[in-house]
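Reviewing the structure listed below.
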Amino acid sequence: MSLDDVLSRIDADLPAATDRLIELLKIPSISTDPAFKEHCDAAADWLVADLQGLGIDAQKRPTPGHPMVVGHIDGPGPHLLFYGHYDVQPVDPLELWDRDPFDPEIQDTPNGKVIRARGASDDKGQLMTFVEACRAWKEVHGTLPCKLTFFFEGEEESGSPSLVPFMEENRDELKSDIALICDTGLFESKVPAITTMLRGLLGEDFTITGPDRDLHSGMYGGIGMNPIRVLTKILAGLHDDTGAITLPGFYDGVTELSDEMRAQWQGLNFDHQTFLGDVGLTAPAGEQDRTPLEQIWSRPTCDVNGIWGGYTGDGFKTVLPSQASAKVSFRLVGQQDPDAIRDAFRHYLESNLPDGFSVEYRTEKGSAASQMSVEDPAFEKARQALSDEWGIPAAYVGCGGSIPIAGFFKDIVDTDAMLIGFGKDDDQIHSPNEKYDMESFHKGIRSWARVLAALS
Ligand SMILES: [Zn+2]
């Protein structure tokens, strides 16, 4: 089947594709606010109708929250699944928008044409890149190049409460050879990228208690052990002078980069001076024997996110507080085990508490990192397809944050995820005046057509 005809069709159909995206963007599907429940439903209905128009057997599927949209179409070759989300973030503060967030407009900017609306980039514009690629394929060839499942969520921006139960209940239906996810971006807004590493997350929120009441430092200062002194010493001991984390066993399960991946990352010419300079910093703080990109993508971290205790109001109060508290989080990589790290942290903390001190934890569940198996030839084929479209070698990149859906596909449905997206750093997702570059939309559609061809 000819890919060139599909690409030409995409170019010719771009105005109509843009009109369809504008229709979807007009629906204010804010998932977190119950006042917009009907609109979330309407966005799901719109997508069901659009998929059905492509001959896809699509349905709105109820959940205790907003509905899922699931569609299937048979075809030759492998079975690919595509995931995106149709819900959007709230628009507040509305007064910082230049126009109605749900009245989309194509605007000329110094960096080219953009489509401006809430959800333009996250994730309606990205979701529609895939749907439009399928539409062009169907119109040119009368059929799709492979068996496809479409899976759209309506609660991604509000914590995905129904996602795991839905995936567990519909495991067999959602199982496929690869799950394609379009909710990420280009590397530094330029280089097409497949995200293959996502860091996991573990948080510890705790309070240590020493004396059973606040004490006066005129009376107890010197003889009384101050919980803030204990807490800060414990927190300061989590890193050594080279930036490494000191917890015994912390680096168990951390995988080293392959030589190939290391070379690719060096080729990205990441400018850490600018990256840090943009936020008023100069020197990297991670492990000194690691490159800046490794520090962000492939190395684990420990950070104190909050610390409080004693008197912090106006004026002065010479208190030895009874308690001191902190929130500490770890970004995890490779096969690091969140439970083992929680145990190691608590052991370290408790073994450094003075006699008579106690600790209380407010536990949150941790999540392990996700690492895709780039040895699967599909990754190299997709990377080549992206390189062909953008005229620059596409890269496998990491993501310092967490994208839980990728892990859910692996753990619940036993399907590897492939994350490809066309967002840019200045898309202002979750912020006022969100936009999606028309270049991202157009080349995104063409990219998916190429990826579909390459994987079929
Ligand atoms: Zn998103």
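Labels used: A, B, ... for chains in the order of the structure tokens, numbers from 1 for residues in each chain, and numbers from 1 for ligands as shown.
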
*Can I get the residues close to ligand 1 as a list in words, where close means within 6 Å and we count only C-alpha atoms and all ligand atoms?*
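Answer in the requested format: Asp122, Asp123 and Asp183 of chain A.
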
Taking 5 positions as the minimum chain separation for residues in the same chain, which residues sit within 7 Å of Asp57 in chain A when counting only C-alpha atoms? Answer as a PDB file with C-alpha atoms, in the first residue's frame.
ATOM      1  CA  GLN A  52     -17.769   5.260  13.632  1.00  0.00           C
ATOM      2  CA  GLY A  71     -13.131   1.269  19.310  1.00  0.00           C
ATOM      3  CA  HIS A  72     -11.910  -1.698  17.301  1.00  0.00           C
ATOM      4  CA  ILE A  73     -11.269  -2.328  13.648  1.00  0.00           C
TER       5      ILE A  73
END

*Pick out the closest residue to Ser431 in chain A from this set: A:Gly310, A:Pro93, A:Gly112, A:Pro284. Count only C-alpha atoms.*
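Result for the nearest residue to Ser431 in chain A: A:Pro93.
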
*Taking the DSSP assignment computed from this structure's backbone, write out as a ChimeraX atom specification all residues of range 78-306 of chain A that belong to strand (DSSP E).*
/A:79-85,105-109,112-116,147-153,178-181,193-198,200-209,215-216,301-306

*Would you list the contacts of range 74-78 of chain A as a VMD selection string, taking every protein, DNA or RNA residue within 7 Å and counting only C-alpha atoms, but skipping same-chain residues closer than 5 positions in sequence?*
chain A and resid 144 to 148 177 456

*Do a neighbour search on Ile307 in chain A at 8 Å with only C-alpha atoms, toss out local chain neighbours closer than 6 positions, and write the hits as a count of residues only.*
4

*Within 12 Å of Ile115 in chain A, counting only C-alpha atoms, which residues show up once you throw out same-chain ones fewer than 4 positions away? Write them as an MDAnalysis selection string, please.*
chainID A and resid 18:19 21:22 25 101:109 119:121 124:125 427 433:442

For the interface of range 198-302 of chain A with range 338-344 of chain A (cut-off 9 Å, counting only C-alpha atoms), please tabulate each contacting residue of range 198-302 of chain A alongside its nearest pair of atoms and their separation in Å to one decimal, rows sorted by chain and increasing number, as JSON lines.
{"residue": "A:Gly200", "atom": "CA", "partner": "A:Pro338", "partner_atom": "CA", "distance": 8.3}
{"residue": "A:Leu201", "atom": "CA", "partner": "A:Pro338", "partner_atom": "CA", "distance": 7.8}
{"residue": "A:Leu202", "atom": "CA", "partner": "A:Pro338", "partner_atom": "CA", "distance": 6.3}
{"residue": "A:Gly203", "atom": "CA", "partner": "A:Arg342", "partner_atom": "CA", "distance": 8.4}
{"residue": "A:Glu204", "atom": "CA", "partner": "A:Arg342", "partner_atom": "CA", "distance": 7.8}
{"residue": "A:Leu247", "atom": "CA", "partner": "A:Ala344", "partner_atom": "CA", "distance": 6.4}
{"residue": "A:Pro248", "atom": "CA", "partner": "A:Ala344", "partner_atom": "CA", "distance": 6.7}
{"residue": "A:Gly249", "atom": "CA", "partner": "A:Ala344", "partner_atom": "CA", "distance": 7.5}
{"residue": "A:Phe250", "atom": "CA", "partner": "A:Ile341", "partner_atom": "CA", "distance": 6.3}

*Top pick for closest residue to Ser402 in chain A, considering A:Glu389, A:Arg116, A:Thr184, A:Phe345 and counting only C-alpha atoms*: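 Selected residue with least distance to Ser402 in chain A: A:Thr184.
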
_Could you pull out the helix (DSSP H, G or I) residues of range 27-123 of chain A, going by DSSP on the backbone, and write them as an MDAnalysis selection string?_
chainID A and resid 34:53 94:96

Residues of range 331-382 of chain A that have any atom at most 10 Å from an atom of range 409-414 of chain A: could you tabulate them with the shortest-distance atom pair and the distance in Å to one decimal, using only C-alpha atoms, ordered by chain and increasing number, as JSON lines?
{"residue": "A:Ser370", "atom": "CA", "partner": "A:Lys410", "partner_atom": "CA", "distance": 8.5}
{"residue": "A:Gln371", "atom": "CA", "partner": "A:Lys410", "partner_atom": "CA", "distance": 9.8}
{"residue": "A:Met372", "atom": "CA", "partner": "A:Lys410", "partner_atom": "CA", "distance": 9.2}

Selection: 10 Å around Leu293 in chain A, only C-alpha atoms, excl. self and same-chain fewer than 2 positions, as a PDB file with C-alpha atoms, in the first residue's frame:
ATOM      1  CA  ARG A 262      24.645   6.999  25.655  1.00  0.00           C
ATOM      2  CA  TRP A 265      22.038  11.275  24.204  1.00  0.00           C
ATOM      3  CA  GLN A 266      25.434  12.824  23.578  1.00  0.00           C
ATOM      4  CA  LEU A 268      21.334  15.611  21.452  1.00  0.00           C
ATOM      5  CA  ASN A 269      23.802  18.313  22.513  1.00  0.00           C
ATOM      6  CA  PHE A 270      21.749  19.147  25.570  1.00  0.00           C
ATOM      7  CA  ASP A 271      22.726  22.580  26.844  1.00  0.00           C
ATOM      8  CA  HIS A 272      22.461  22.216  30.606  1.00  0.00           C
ATOM      9  CA  ARG A 290      26.898  11.536  35.467  1.00  0.00           C
ATOM     10  CA  THR A 291      26.011  13.763  32.511  1.00  0.00           C
ATOM     11  CA  GLN A 295      20.791  13.149  35.975  1.00  0.00           C
ATOM     12  CA  ILE A 296      17.339  14.099  34.644  1.00  0.00           C
ATOM     13  CA  TRP A 297      16.325  10.893  32.841  1.00  0.00           C
ATOM     14  CA  SER A 298      18.135   7.767  33.929  1.00  0.00           C
ATOM     15  CA  ARG A 299      19.379   8.348  37.487  1.00  0.00           C
ATOM     16  CA  VAL A 397      14.610   9.980  25.402  1.00  0.00           C
ATOM     17  CA  GLY A 398      13.813   9.686  29.053  1.00  0.00           C
ATOM     18  CA  CYS A 399      11.224  11.565  31.027  1.00  0.00           C
ATOM     19  CA  GLY A 400      12.084  12.771  34.495  1.00  0.00           C
TER      20      GLY A 400
END

_When you count only C-alpha atoms, which of these residues is closest to Phe152 in chain A: A:Arg331, A:Lys26, A:His66, A:Arg229?_
A:His66

*asked:* Which residues are close to Gly218 in chain A, i.e. within 9 Å by only C-alpha atoms, leaving aside same-chain residues fewer than 3 positions away? Reply as a list in words.
replied: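 These residues fall inside the cut-off: Leu215, Gly221, Gly222, Thr318 and Val319 of chain A.
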
*CA of Ala406 in chain A and CA of Leu180 in chain A are how many Å apart?*
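These atoms are spaced 9.3 Å apart.
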